[in-house]
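model_5.cif, holding mmCIF, C-alpha atoms and all ligand atoms:
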data_coords
#
loop_
_atom_site.label_atom_id
_atom_site.label_comp_id
_atom_site.auth_asym_id
_atom_site.auth_seq_id
_atom_site.Cartn_x
_atom_site.Cartn_y
_atom_site.Cartn_z
CA MET A 20 -55.25 65.46 54.62
CA PRO A 21 -56.82 68.91 54.13
CA VAL A 22 -54.65 71.46 52.39
CA VAL A 23 -53.47 74.17 54.79
CA SER A 24 -51.58 77.24 53.64
CA ASP A 25 -50.85 80.73 54.89
CA LEU A 26 -53.46 83.31 54.13
CA PRO A 27 -52.38 85.24 51.03
CA GLY A 28 -52.80 89.01 50.73
CA ARG A 29 -54.92 88.90 47.60
CA ALA A 30 -57.28 86.70 45.61
CA ASP A 31 -59.38 86.93 42.48
CA VAL A 32 -62.32 85.56 44.45
CA LEU A 33 -62.69 85.53 48.24
CA VAL A 34 -65.31 83.06 49.49
CA ILE A 35 -66.71 83.43 53.01
CA GLY A 36 -67.99 80.23 54.64
CA SER A 37 -67.28 76.50 54.38
CA GLY A 38 -70.87 75.24 54.20
CA GLY A 39 -72.36 73.77 51.05
CA ALA A 40 -72.70 77.12 49.29
CA GLY A 41 -69.15 78.30 50.01
CA LEU A 42 -67.55 74.99 49.07
CA ALA A 43 -69.53 74.83 45.81
CA ALA A 44 -68.69 78.47 45.01
CA ALA A 45 -64.98 77.96 45.65
CA TRP A 46 -65.00 74.85 43.48
CA ALA A 47 -66.74 76.62 40.58
CA ALA A 48 -64.57 79.74 40.76
CA ALA A 49 -61.38 77.66 40.82
CA ASP A 50 -62.71 75.55 37.94
CA THR A 51 -62.55 78.63 35.68
CA GLY A 52 -58.87 79.13 36.61
CA ALA A 53 -59.44 81.91 39.15
CA ASP A 54 -57.26 82.31 42.21
CA VAL A 55 -59.63 81.49 45.10
CA VAL A 56 -59.34 81.93 48.86
CA LEU A 57 -61.95 80.36 51.13
CA VAL A 58 -62.10 81.44 54.77
CA THR A 59 -64.39 80.19 57.50
CA LYS A 60 -64.69 81.40 61.05
CA GLY A 61 -64.81 78.04 62.84
CA SER A 62 -63.40 74.70 61.90
CA ARG A 63 -64.14 73.77 58.29
CA ALA A 64 -66.75 71.17 59.24
CA SER A 65 -68.65 73.58 61.47
CA CYS A 66 -71.68 74.67 59.45
CA ASN A 67 -75.42 73.98 59.14
CA THR A 68 -74.82 72.04 55.94
CA GLY A 69 -73.09 69.21 57.77
CA MET A 70 -76.06 68.86 60.13
CA ALA A 71 -78.68 68.53 57.38
CA HIS A 72 -79.94 65.02 57.63
CA GLY A 73 -83.20 64.97 55.67
CA GLY A 74 -82.24 65.16 52.03
CA ILE A 75 -82.09 67.15 48.81
CA GLN A 76 -84.85 67.66 46.27
CA ALA A 77 -84.59 67.09 42.52
CA ALA A 78 -87.12 66.05 39.89
CA VAL A 79 -85.65 62.66 39.02
CA HIS A 80 -88.85 60.56 39.27
CA PRO A 81 -90.21 59.68 35.80
CA ASP A 82 -93.56 61.36 36.64
CA ASP A 83 -91.87 64.49 37.97
CA SER A 84 -90.46 67.52 36.18
CA PRO A 85 -88.59 70.74 37.03
CA ASP A 86 -91.83 72.65 36.31
CA ARG A 87 -93.74 70.54 38.82
CA HIS A 88 -90.95 71.02 41.35
CA ALA A 89 -91.12 74.78 40.71
CA ARG A 90 -94.90 74.82 41.23
CA ASP A 91 -94.46 73.07 44.59
CA VAL A 92 -91.83 75.63 45.65
CA LEU A 93 -94.01 78.57 44.64
CA ASP A 94 -97.11 77.07 46.31
CA SER A 95 -95.22 76.28 49.54
CA SER A 96 -93.86 79.82 49.60
CA HIS A 97 -97.47 81.04 49.17
CA GLY A 98 -96.37 82.84 46.02
CA THR A 99 -93.57 84.79 47.70
CA ALA A 100 -90.54 83.08 46.07
CA ASP A 101 -88.90 84.69 43.01
CA PRO A 102 -90.12 82.67 39.98
CA GLU A 103 -86.91 83.29 38.04
CA LEU A 104 -84.71 81.98 40.88
CA VAL A 105 -87.07 79.05 41.44
CA SER A 106 -86.85 78.13 37.76
CA VAL A 107 -83.04 78.11 37.95
CA LEU A 108 -83.16 76.02 41.14
CA THR A 109 -85.47 73.33 39.85
CA SER A 110 -84.25 73.11 36.26
CA GLU A 111 -80.62 72.64 37.36
CA ALA A 112 -81.51 70.20 40.15
CA PRO A 113 -81.12 66.90 38.22
CA GLU A 114 -77.73 67.99 36.88
CA ALA A 115 -76.70 69.10 40.39
CA ILE A 116 -77.45 65.58 41.64
CA ALA A 117 -75.41 64.06 38.82
CA TRP A 118 -72.53 66.39 39.68
CA LEU A 119 -72.69 65.46 43.36
CA GLU A 120 -72.56 61.80 42.38
CA SER A 121 -69.57 62.49 40.15
CA ILE A 122 -67.66 63.82 43.17
CA GLY A 123 -68.58 60.84 45.33
CA VAL A 124 -71.97 61.40 47.00
CA GLU A 125 -73.81 58.09 47.07
CA PHE A 126 -77.56 58.61 47.35
CA SER A 127 -79.62 55.87 48.96
CA ARG A 128 -81.26 53.47 46.55
CA ASP A 129 -83.85 50.72 46.73
CA ALA A 130 -84.99 48.21 44.14
CA GLY A 131 -86.71 50.95 42.10
CA GLY A 132 -83.67 53.23 41.82
CA TYR A 133 -83.20 56.28 44.07
CA ARG A 134 -85.05 56.02 47.37
CA LEU A 135 -87.32 59.07 47.08
CA ALA A 136 -89.34 60.46 49.98
CA ARG A 137 -92.18 62.97 49.81
CA CYS A 138 -91.46 66.05 51.86
CA GLY A 139 -93.82 68.70 53.18
CA GLY A 140 -95.51 70.66 50.38
CA ALA A 141 -94.33 68.29 47.62
CA SER A 142 -96.85 66.79 45.22
CA ILE A 143 -94.69 63.72 44.53
CA PRO A 144 -91.77 61.88 46.21
CA ARG A 145 -88.74 63.96 45.23
CA LEU A 146 -86.33 63.90 48.16
CA LEU A 147 -83.02 62.09 47.64
CA GLN A 148 -81.24 61.03 50.79
CA VAL A 149 -77.96 59.64 52.02
CA GLY A 150 -79.44 57.75 54.98
CA ASP A 151 -80.18 60.58 57.40
CA ARG A 152 -76.80 62.29 56.95
CA THR A 153 -77.28 63.88 53.54
CA GLY A 154 -75.70 67.23 54.37
CA HIS A 155 -72.70 65.59 55.99
CA ALA A 156 -72.15 63.42 52.89
CA ILE A 157 -72.41 66.42 50.56
CA ALA A 158 -70.10 68.65 52.62
CA LYS A 159 -67.55 65.86 53.01
CA ALA A 160 -67.49 65.18 49.25
CA LEU A 161 -67.14 68.89 48.47
CA ARG A 162 -64.28 69.31 50.94
CA ALA A 163 -62.51 66.27 49.48
CA GLU A 164 -62.94 67.75 46.01
CA LEU A 165 -61.37 71.05 47.11
CA ASP A 166 -58.48 69.13 48.70
CA ARG A 167 -57.96 67.21 45.46
CA ARG A 168 -57.74 70.48 43.56
CA GLY A 169 -55.41 72.07 46.09
CA ILE A 170 -57.87 74.79 47.15
CA ALA A 171 -57.03 75.76 50.70
CA ILE A 172 -59.69 76.24 53.36
CA HIS A 173 -58.55 78.74 55.99
CA ASP A 174 -60.18 77.68 59.25
CA HIS A 175 -60.74 79.99 62.21
CA THR A 176 -60.59 83.03 59.95
CA ALA A 177 -63.58 85.34 60.33
CA LEU A 178 -64.65 88.16 58.07
CA VAL A 179 -64.93 91.17 60.38
CA GLY A 180 -64.82 94.07 57.92
CA LEU A 181 -65.51 94.64 54.22
CA GLU A 182 -64.90 97.75 52.18
CA ARG A 183 -65.00 98.48 48.50
CA PRO A 184 -62.65 101.33 47.54
CA ASN A 185 -62.00 101.86 43.81
CA GLY A 186 -63.98 98.86 42.60
CA HIS A 187 -62.13 96.13 44.48
CA PHE A 188 -62.72 94.68 47.95
CA GLU A 189 -60.65 95.04 51.07
CA ALA A 190 -61.56 92.37 53.59
CA ARG A 191 -60.56 92.48 57.24
CA LEU A 192 -60.13 88.99 58.59
CA SER A 193 -59.62 87.94 62.20
CA GLN A 194 -57.40 84.89 62.57
CA GLY A 195 -56.87 83.71 66.13
CA GLY A 196 -56.91 87.27 67.43
CA ASP A 197 -54.62 88.63 64.67
CA GLU A 198 -56.14 90.93 62.11
CA ARG A 199 -55.24 90.31 58.47
CA ARG A 200 -56.16 92.18 55.29
CA LEU A 201 -56.97 90.62 51.95
CA ASP A 202 -57.69 92.33 48.62
CA ALA A 203 -60.14 90.59 46.30
CA GLY A 204 -61.61 91.29 42.90
CA ALA A 205 -64.91 89.70 43.92
CA VAL A 206 -66.39 88.31 47.13
CA VAL A 207 -68.88 85.47 47.54
CA LEU A 208 -70.74 85.61 50.85
CA ALA A 209 -71.80 82.08 51.79
CA ALA A 210 -71.86 82.69 55.53
CA GLY A 211 -75.25 81.10 56.23
CA GLY A 212 -78.11 82.46 58.29
CA ARG A 213 -78.55 84.00 61.73
CA CYS A 214 -80.91 81.66 63.58
CA TYR A 215 -78.44 80.79 66.33
CA LYS A 216 -78.11 84.46 67.27
CA GLU A 217 -81.86 85.07 67.02
CA ALA A 218 -82.61 82.06 69.22
CA HIS A 219 -79.90 82.99 71.71
CA ASP A 220 -81.23 86.56 71.99
CA ALA A 221 -84.82 85.32 72.40
CA GLY A 222 -83.92 82.49 74.79
CA ILE A 223 -85.50 79.83 72.58
CA LEU A 224 -84.27 76.56 71.10
CA THR A 225 -82.67 76.30 67.67
CA THR A 226 -81.36 73.56 65.43
CA ASN A 227 -78.52 75.78 64.22
CA GLN A 228 -74.80 75.64 64.97
CA PRO A 229 -73.27 78.56 66.89
CA GLY A 230 -71.68 80.08 63.77
CA SER A 231 -75.11 81.15 62.44
CA THR A 232 -74.91 84.73 63.60
CA GLY A 233 -75.43 86.85 60.48
CA GLU A 234 -72.63 89.40 60.73
CA ALA A 235 -71.63 88.94 57.07
CA THR A 236 -75.09 90.17 56.09
CA THR A 237 -74.64 93.22 58.29
CA LEU A 238 -71.33 93.99 56.52
CA ALA A 239 -72.96 93.57 53.10
CA ARG A 240 -75.86 95.84 54.06
CA ALA A 241 -73.39 98.49 55.18
CA LEU A 242 -71.97 98.41 51.63
CA GLY A 243 -75.48 98.98 50.28
CA ALA A 244 -76.61 95.41 49.54
CA GLU A 245 -80.38 95.00 49.65
CA VAL A 246 -82.18 92.25 51.53
CA ARG A 247 -85.62 90.75 51.04
CA ASP A 248 -87.94 88.74 53.34
CA TYR A 249 -85.32 89.25 56.03
CA ASP A 250 -87.86 89.07 58.84
CA ALA A 251 -89.15 85.66 57.68
CA LEU A 252 -87.56 83.06 59.95
CA GLN A 253 -88.65 79.45 59.73
CA HIS A 254 -89.47 77.15 62.61
CA HIS A 255 -88.85 73.48 61.95
CA PRO A 256 -92.22 71.90 62.79
CA THR A 257 -90.76 68.93 64.61
CA GLY A 258 -88.04 70.06 66.96
CA GLY A 259 -87.01 67.71 69.75
CA ALA A 260 -88.76 68.74 73.00
CA TRP A 261 -87.75 65.86 75.28
CA PRO A 262 -85.47 64.31 76.56
CA PRO A 263 -83.05 67.21 77.32
CA PRO A 264 -80.14 66.03 75.09
CA LEU A 265 -82.54 66.16 72.12
CA GLN A 266 -84.04 69.58 72.86
CA GLY A 267 -83.48 71.67 69.74
CA PHE A 268 -82.71 68.62 67.61
CA SER A 269 -84.42 68.77 64.23
CA ILE A 270 -86.34 65.50 64.01
CA PRO A 271 -85.94 64.71 60.30
CA GLU A 272 -88.98 65.51 58.22
CA THR A 273 -88.39 62.12 56.62
CA CYS A 274 -89.85 60.57 59.79
CA ARG A 275 -93.18 61.98 58.61
CA SER A 276 -92.44 60.97 55.01
CA TYR A 277 -91.99 57.40 56.24
CA GLY A 278 -95.21 57.31 58.25
CA ALA A 279 -94.85 59.14 61.58
CA THR A 280 -98.00 61.06 62.55
CA LEU A 281 -98.62 64.02 64.85
CA ARG A 282 -100.94 63.37 67.81
CA ASN A 283 -102.43 65.63 70.46
CA ALA A 284 -103.02 64.71 74.11
CA ALA A 285 -106.12 62.75 73.14
CA GLY A 286 -104.06 60.74 70.65
CA GLU A 287 -105.86 62.38 67.69
CA ARG A 288 -104.21 63.50 64.46
CA PHE A 289 -104.79 67.21 63.89
CA CYS A 290 -103.10 68.15 60.58
CA ASP A 291 -101.64 66.88 57.32
CA GLU A 292 -98.11 66.02 58.41
CA LEU A 293 -96.76 66.70 54.90
CA ALA A 294 -98.28 70.16 54.46
CA PRO A 295 -95.82 73.07 54.01
CA ARG A 296 -93.65 73.68 57.06
CA ASP A 297 -95.31 76.87 58.27
CA THR A 298 -98.72 75.16 58.15
CA VAL A 299 -97.57 72.17 60.21
CA ALA A 300 -95.70 74.34 62.73
CA ALA A 301 -98.75 76.60 63.16
CA ALA A 302 -101.01 73.57 63.69
CA ILE A 303 -98.78 72.25 66.49
CA VAL A 304 -98.62 75.65 68.21
CA ARG A 305 -102.40 76.05 67.91
CA GLU A 306 -103.01 72.61 69.36
CA CYS A 307 -100.92 73.51 72.41
CA GLU A 308 -102.29 77.03 72.82
CA GLU A 309 -105.85 75.76 72.71
CA GLY A 310 -105.19 73.22 75.44
CA ARG A 311 -105.07 70.03 73.41
CA GLY A 312 -101.32 69.55 73.64
CA LEU A 313 -99.02 67.78 76.04
CA THR A 314 -96.42 69.00 78.51
CA THR A 315 -92.89 67.62 78.67
CA PRO A 316 -91.54 66.50 82.07
CA ASP A 317 -89.76 69.89 82.33
CA GLY A 318 -92.94 71.83 81.58
CA ARG A 319 -92.58 72.67 77.87
CA PRO A 320 -95.53 72.59 75.47
CA ALA A 321 -95.40 69.68 73.03
CA VAL A 322 -97.37 67.16 70.99
CA HIS A 323 -96.47 63.61 70.15
CA LEU A 324 -94.79 62.51 66.95
CA ASP A 325 -95.87 58.91 66.68
CA THR A 326 -92.69 57.43 65.27
CA THR A 327 -93.88 53.91 66.15
CA ALA A 328 -95.76 54.06 62.83
CA ILE A 329 -92.47 53.93 60.90
CA ASP A 330 -91.80 50.51 59.41
CA PRO A 331 -89.01 49.02 61.57
CA GLU A 332 -87.78 47.15 58.48
CA ILE A 333 -86.64 50.40 56.84
CA ALA A 334 -86.10 52.62 59.90
CA GLY A 335 -82.51 51.49 60.36
CA GLU A 336 -81.73 52.62 56.82
CA VAL A 337 -83.68 55.87 56.60
CA ILE A 338 -83.29 57.37 60.10
CA PRO A 339 -80.27 55.61 61.69
CA THR A 340 -78.73 58.72 63.24
CA MET A 341 -82.00 59.91 64.72
CA LEU A 342 -82.65 56.47 66.24
CA ARG A 343 -79.14 56.31 67.65
CA ARG A 344 -79.42 59.77 69.22
CA TYR A 345 -82.77 59.03 70.88
CA ARG A 346 -81.79 55.56 72.04
CA ALA A 347 -78.60 56.96 73.56
CA ALA A 348 -80.84 59.32 75.55
CA GLY A 349 -83.02 56.43 76.75
CA VAL A 350 -85.97 56.73 74.35
CA ASP A 351 -86.70 54.25 71.54
CA PRO A 352 -88.80 56.06 68.90
CA LEU A 353 -89.85 52.77 67.34
CA HIS A 354 -91.50 51.74 70.62
CA GLU A 355 -92.89 55.01 71.96
CA PRO A 356 -93.99 58.36 70.47
CA ILE A 357 -91.63 61.27 71.00
CA PHE A 358 -92.30 64.81 72.26
CA THR A 359 -92.00 67.51 69.62
CA TYR A 360 -92.54 71.26 69.25
CA PRO A 361 -91.45 73.77 66.58
CA VAL A 362 -87.91 75.09 66.90
CA LEU A 363 -86.12 78.00 65.18
CA HIS A 364 -84.43 76.59 62.11
CA TYR A 365 -83.87 78.65 58.98
CA GLN A 366 -83.53 82.18 57.64
CA ASN A 367 -85.92 82.21 54.68
CA GLY A 368 -84.93 85.63 53.34
CA GLY A 369 -81.59 87.39 53.01
CA LEU A 370 -79.43 89.26 50.53
CA ARG A 371 -81.26 89.97 47.31
CA ILE A 372 -79.64 88.09 44.40
CA ASP A 373 -80.18 87.55 40.69
CA GLY A 374 -79.94 84.20 38.90
CA HIS A 375 -76.13 84.32 39.06
CA GLY A 376 -75.87 85.12 42.74
CA ARG A 377 -75.12 88.82 42.16
CA THR A 378 -76.21 91.03 45.04
CA THR A 379 -77.14 94.65 44.42
CA VAL A 380 -73.47 95.65 45.04
CA ALA A 381 -71.18 95.15 42.03
CA GLY A 382 -68.68 92.33 42.59
CA LEU A 383 -70.43 91.10 45.72
CA PHE A 384 -72.15 87.72 45.43
CA ALA A 385 -74.24 85.63 47.80
CA ALA A 386 -75.41 82.01 47.84
CA GLY A 387 -77.10 79.62 50.23
CA GLU A 388 -78.97 80.54 53.38
CA ILE A 389 -77.54 84.08 53.44
CA SER A 390 -79.48 84.93 50.26
CA GLY A 391 -83.17 85.67 49.76
CA GLY A 392 -85.76 85.02 47.07
CA VAL A 393 -85.16 81.36 46.23
CA HIS A 394 -87.58 80.14 48.91
CA GLY A 395 -89.65 83.28 49.46
CA ARG A 396 -91.00 83.45 53.01
CA ASN A 397 -91.39 79.70 53.54
CA ARG A 398 -88.76 77.19 52.39
CA MET A 399 -89.57 73.61 51.53
CA MET A 400 -87.42 70.98 53.12
CA GLY A 401 -84.67 69.67 50.87
CA ASN A 402 -84.37 72.82 48.78
CA SER A 403 -81.68 74.48 50.83
CA LEU A 404 -78.98 71.92 50.12
CA LEU A 405 -80.03 72.19 46.49
CA ASP A 406 -79.85 75.99 46.67
CA CYS A 407 -76.28 75.72 48.00
CA VAL A 408 -75.14 73.53 45.11
CA VAL A 409 -77.01 75.33 42.31
CA PHE A 410 -76.47 78.94 43.39
CA GLY A 411 -73.10 78.29 45.04
CA ARG A 412 -71.67 77.09 41.75
CA ARG A 413 -73.37 79.89 39.79
CA ALA A 414 -72.09 82.57 42.16
CA GLY A 415 -68.56 81.15 42.12
CA ARG A 416 -68.47 80.93 38.35
CA THR A 417 -69.82 84.44 37.78
CA ALA A 418 -67.62 85.95 40.50
CA ALA A 419 -64.58 84.48 38.77
CA ALA A 420 -65.72 85.86 35.42
C1 LIG B 501 -80.19 70.51 61.78
C2 LIG B 501 -80.44 70.98 60.38
C3 LIG B 501 -81.02 70.10 59.47
C4 LIG B 501 -81.26 70.52 58.15
N1 LIG B 501 -81.75 69.63 57.23
C5 LIG B 501 -81.85 70.01 55.93
C6 LIG B 501 -82.21 69.07 54.93
O1 LIG B 501 -82.43 67.90 55.22
N2 LIG B 501 -82.27 69.49 53.64
C7 LIG B 501 -82.02 70.79 53.28
O2 LIG B 501 -82.08 71.11 52.08
N3 LIG B 501 -81.67 71.70 54.20
C8 LIG B 501 -81.57 71.33 55.51
N4 LIG B 501 -81.18 72.25 56.45
C9 LIG B 501 -80.85 73.61 56.01
C10 LIG B 501 -79.50 73.60 55.32
O3 LIG B 501 -78.66 72.64 55.89
C11 LIG B 501 -78.82 74.95 55.44
O4 LIG B 501 -79.69 75.99 55.20
C12 LIG B 501 -77.71 75.04 54.39
O5 LIG B 501 -76.90 73.92 54.47
C13 LIG B 501 -76.93 76.31 54.60
O6 LIG B 501 -75.75 76.22 53.86
P1 LIG B 501 -74.82 77.50 53.75
O7 LIG B 501 -73.61 77.07 53.03
O8 LIG B 501 -75.60 78.64 53.23
O9 LIG B 501 -74.51 77.87 55.28
P2 LIG B 501 -73.78 76.99 56.39
O10 LIG B 501 -73.74 75.57 56.03
O11 LIG B 501 -74.40 77.36 57.69
O12 LIG B 501 -72.30 77.54 56.33
C14 LIG B 501 -72.02 78.87 56.67
C15 LIG B 501 -70.53 78.98 56.92
O13 LIG B 501 -70.14 80.35 57.03
C16 LIG B 501 -69.27 80.50 58.14
N5 LIG B 501 -69.33 81.89 58.59
C17 LIG B 501 -70.37 82.56 59.13
N6 LIG B 501 -70.03 83.84 59.38
C18 LIG B 501 -68.73 83.97 58.99
C19 LIG B 501 -67.79 85.04 59.03
N7 LIG B 501 -68.10 86.26 59.52
N8 LIG B 501 -66.53 84.83 58.57
C20 LIG B 501 -66.18 83.61 58.08
N9 LIG B 501 -67.02 82.56 58.05
C21 LIG B 501 -68.28 82.75 58.48
C22 LIG B 501 -69.79 79.47 59.13
O14 LIG B 501 -68.84 79.19 60.13
C23 LIG B 501 -70.06 78.30 58.19
O15 LIG B 501 -68.88 77.61 57.88
C24 LIG B 501 -80.96 71.86 57.77
C25 LIG B 501 -80.40 72.74 58.70
C26 LIG B 501 -80.14 72.31 59.99
C27 LIG B 501 -79.54 73.28 60.96
#

Could you rewrite the structure in this file as C-alpha cells?
Ligand SMILES: Cc1cc2nc3c(=O)[nH]c(=O)nc-3n(C[C@H](O)[C@H](O)[C@H](O)COP(=O)(O)OP(=O)(O)OC[C@H]3O[C@@H](n4cnc5c(N)ncnc54)[C@H](O)[C@@H]3O)c2cc1C
Amino acid sequence: MPVVSDLPGRADVLVIGSGGAGLAAAWAAADTGADVVLVTKGSRASCNTGMAHGGIQAAVHPDDSPDRHARDVLDSSHGTADPELVSVLTSEAPEAIAWLESIGVEFSRDAGGYRLARCGGASIPRLLQVGDRTGHAIAKALRAELDRRGIAIHDHTALVGLERPNGHFEARLSQGGDERRLDAGAVVLAAGGRCYKEAHDAGILTTNQPGSTGEATTLARALGAEVRDYDALQHHPTGGAWPPPLQGFSIPETCRSYGATLRNAAGERFCDELAPRDTVAAAIVRECEEGRGLTTPDGRPAVHLDTTAIDPEIAGEVIPTMLRRYRAAGVDPLHEPIFTYPVLHYQNGGLRIDGHGRTTVAGLFAAGEISGGVHGRNRMMGNSLLDCVVFGRRAGRTAAA
C-alpha cells in the first residue's frame, strides 16, 4: 500500500510532481538522509511518464558508446542541445538502466540479450523497452521504491504559489480546496511540460495527460528563473487520426522501428521513417498539404502507417498495448494500415539548468520535461525517460546537499 501521511509544514527538499523526474529526485534526495516531501496535483499515477510506451535509450550495445549516443542527440537536435548536458545524459545512461533494474524494472530481452530497437535519429539500435509500457513499468518501480523507503507521496496537492524570502522557499499548496503552506530549504520542480494546455487552447489533439499545464514554470519564471527553447514544442509524427477513440494516441515509434512504413494516398513511401522526429512530422504535413495525403472518415488530414509490415510473430511482444487499443476500437493494425497525423506531444525547452539540475535561482532545481537544454529544440524518442532518471536523481541529490 502507498504511504500516506499528513502534509508537514517544512521539508529539507520539496519535490513537485510524481512523474519519473519527481520520483527519481525524491528517491535521490532521501538517499542522502534529507527530509523530503513530494506533492503532486492529481493522483500519483497521473503523469506523462506512465503513458510512455516506446522505451528508453542507453548505449548498451557492444558497438555503441555514450559518445555515439551523444552525437545522435546533438545531430537530432540540429546542434541546439547543450553538449555538457548531453554528455551527462548519455554517459550516465548505462548506469541508469542498471539502477532501474536493481529496483525491479525488467527490460524486454531476446536471445541476444536486451531487445534493442532503433529509434528516429539513432545510428544504431539503442532503445530498451518493457513491451510497449516502458514508462508505466519505470514509474511503478519508482513508486514502489519510495513506498519501501517510507517516502510519502501527497496526491491532489498542487503547487499554486512559490516565494523565496531570506534564502528559503515558502510554497503555497492547494489540497482539495484548502490552502497549505510549506517551508523548504530547496525545491525540485519536476512538474512536466505544458502540451495539454497548449493543445487545449489551440483546439488541437495532444498525447498528453490533463496535468501538463505548465504553471510551475510560470511560478519559477516569476522568481527569476530563465528558460531556453521554450517556444519549441514537439509534434509526435505518428499520432492516431482514426478511429475516434485513438485520436491523439501516440502510436509508438517502435512500430516504425519494427517495420511499419508511412504511405501516401498513392501507397508510396515518402520519407525515412526513422529520421529525427521533426523531419518525419514535417514530411507527413507536407504530403497532406500538397494533396498527396488521405482524409479520415471525419475529414481530418492523414497518411497511412502501414503496420501490416510488422512481423506478426513479434508484434504481440513489442506492441501489445497498441494492438489491444486498436482492436478494441475495431481496427486490426496487423491486417490494415492505420491513419496517422502529427499530434502535439512534448515541450522540448524549459527551465535552464546546469548539469546538476540547478536553475538560475539559487536553491531551485528542475528535472525532466520542465527543463530545457538536454534535448535542444528537437528531442529524440527514448531520451526523455532517460532524462528523468539521470537528471531527476542529480537534481534530488544536489538539492539535498
Ligand atoms: C503518450 C506518451 C508517450 C511517450 N513515450 C515516450 C517514450 O517512449 N520514451 C521517452 O523517453 N519519452 C516518452 N514520452 C515523453 C515522456 O514520457 C515525458 O516527457 C516524461 O515522462 C516526463 O516526465 P516528467 O517527470 O518530467 O513529467 P510527468 O511525467 O508529466 O510528471 C509531471 C508531474 O507533475 C505534476 N504537476 C504538474 N503541475 C503541478 C503542480 N502545479 N503542482 C503539483 N504537481 C504538479 C503532474 O500532475 C505530474 O504528476 C512520452 C510521452 C507521452 C505523453

Can you list, as a PyMOL selection string, every protein, DNA or RNA residue that comes within 12 Å of Trp118 of chain A when you count all atoms listed in the file, leaving out same-chain residues fewer than 6 positions away? chain A and resi 43+46-47+111-112+124-125+157+160-161+164+405+408-409+412

Using C-alpha atoms, can you write the selected residues to a file as a PDB file, keeping the file's coordinate frame?
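The result, written out as again-v4.pdb:
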ATOM      1  CA  ALA A  43     -69.530  74.830  45.810  1.00  0.00           C
ATOM      2  CA  TRP A  46     -65.000  74.850  43.480  1.00  0.00           C
ATOM      3  CA  ALA A  47     -66.740  76.620  40.580  1.00  0.00           C
ATOM      4  CA  GLU A 111     -80.620  72.640  37.360  1.00  0.00           C
ATOM      5  CA  ALA A 112     -81.510  70.200  40.150  1.00  0.00           C
ATOM      6  CA  VAL A 124     -71.970  61.400  47.000  1.00  0.00           C
ATOM      7  CA  GLU A 125     -73.810  58.090  47.070  1.00  0.00           C
ATOM      8  CA  ILE A 157     -72.410  66.420  50.560  1.00  0.00           C
ATOM      9  CA  ALA A 160     -67.490  65.180  49.250  1.00  0.00           C
ATOM     10  CA  LEU A 161     -67.140  68.890  48.470  1.00  0.00           C
ATOM     11  CA  GLU A 164     -62.940  67.750  46.010  1.00  0.00           C
ATOM     12  CA  LEU A 405     -80.030  72.190  46.490  1.00  0.00           C
ATOM     13  CA  VAL A 408     -75.140  73.530  45.110  1.00  0.00           C
ATOM     14  CA  VAL A 409     -77.010  75.330  42.310  1.00  0.00           C
ATOM     15  CA  ARG A 412     -71.670  77.090  41.750  1.00  0.00           C
TER      16      ARG A 412
END

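In this structure, atom CA of Gln194 of chain A sits 18.9 Å away from atom CA of Val207 of chain A.
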
Could you give me, as a PyMOL selection string, every polymer residue with an atom at most 7 Å away from an atom of ligand LIG 501 (chain B), counting all atoms listed in the file? chain A and resi 35-41+58-61+63-75+153-154+176-179+209-212+226-228+230-235+268-269+271+364-365+386-389+400-405+407

Give me a file of those residues, with C-alpha atoms, as a short mmCIF file (atom, residue, chain, number, x, y, z; two decimals), in the frame of the given file.
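So result_34.cif came out as:
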data_model
loop_
_atom_site.label_atom_id
_atom_site.label_comp_id
_atom_site.auth_asym_id
_atom_site.auth_seq_id
_atom_site.Cartn_x
_atom_site.Cartn_y
_atom_site.Cartn_z
CA ILE A 35 -66.71 83.43 53.01
CA GLY A 36 -67.99 80.23 54.64
CA SER A 37 -67.28 76.50 54.38
CA GLY A 38 -70.87 75.24 54.20
CA GLY A 39 -72.36 73.77 51.05
CA ALA A 40 -72.70 77.12 49.29
CA GLY A 41 -69.15 78.30 50.01
CA VAL A 58 -62.10 81.44 54.77
CA THR A 59 -64.39 80.19 57.50
CA LYS A 60 -64.69 81.40 61.05
CA GLY A 61 -64.81 78.04 62.84
CA ARG A 63 -64.14 73.77 58.29
CA ALA A 64 -66.75 71.17 59.24
CA SER A 65 -68.65 73.58 61.47
CA CYS A 66 -71.68 74.67 59.45
CA ASN A 67 -75.42 73.98 59.14
CA THR A 68 -74.82 72.04 55.94
CA GLY A 69 -73.09 69.21 57.77
CA MET A 70 -76.06 68.86 60.13
CA ALA A 71 -78.68 68.53 57.38
CA HIS A 72 -79.94 65.02 57.63
CA GLY A 73 -83.20 64.97 55.67
CA GLY A 74 -82.24 65.16 52.03
CA ILE A 75 -82.09 67.15 48.81
CA THR A 153 -77.28 63.88 53.54
CA GLY A 154 -75.70 67.23 54.37
CA THR A 176 -60.59 83.03 59.95
CA ALA A 177 -63.58 85.34 60.33
CA LEU A 178 -64.65 88.16 58.07
CA VAL A 179 -64.93 91.17 60.38
CA ALA A 209 -71.80 82.08 51.79
CA ALA A 210 -71.86 82.69 55.53
CA GLY A 211 -75.25 81.10 56.23
CA GLY A 212 -78.11 82.46 58.29
CA THR A 226 -81.36 73.56 65.43
CA ASN A 227 -78.52 75.78 64.22
CA GLN A 228 -74.80 75.64 64.97
CA GLY A 230 -71.68 80.08 63.77
CA SER A 231 -75.11 81.15 62.44
CA THR A 232 -74.91 84.73 63.60
CA GLY A 233 -75.43 86.85 60.48
CA GLU A 234 -72.63 89.40 60.73
CA ALA A 235 -71.63 88.94 57.07
CA PHE A 268 -82.71 68.62 67.61
CA SER A 269 -84.42 68.77 64.23
CA PRO A 271 -85.94 64.71 60.30
CA HIS A 364 -84.43 76.59 62.11
CA TYR A 365 -83.87 78.65 58.98
CA ALA A 386 -75.41 82.01 47.84
CA GLY A 387 -77.10 79.62 50.23
CA GLU A 388 -78.97 80.54 53.38
CA ILE A 389 -77.54 84.08 53.44
CA MET A 400 -87.42 70.98 53.12
CA GLY A 401 -84.67 69.67 50.87
CA ASN A 402 -84.37 72.82 48.78
CA SER A 403 -81.68 74.48 50.83
CA LEU A 404 -78.98 71.92 50.12
CA LEU A 405 -80.03 72.19 46.49
CA CYS A 407 -76.28 75.72 48.00
#

Kindly give the distance, in Å, that separates atom CA of Phe410 of chain A and atom CA of Val246 of chain A, rounded to a single decimal.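 So the two atoms, atom CA of Phe410 of chain A and atom CA of Val246 of chain A, lie 16.6 Å apart.
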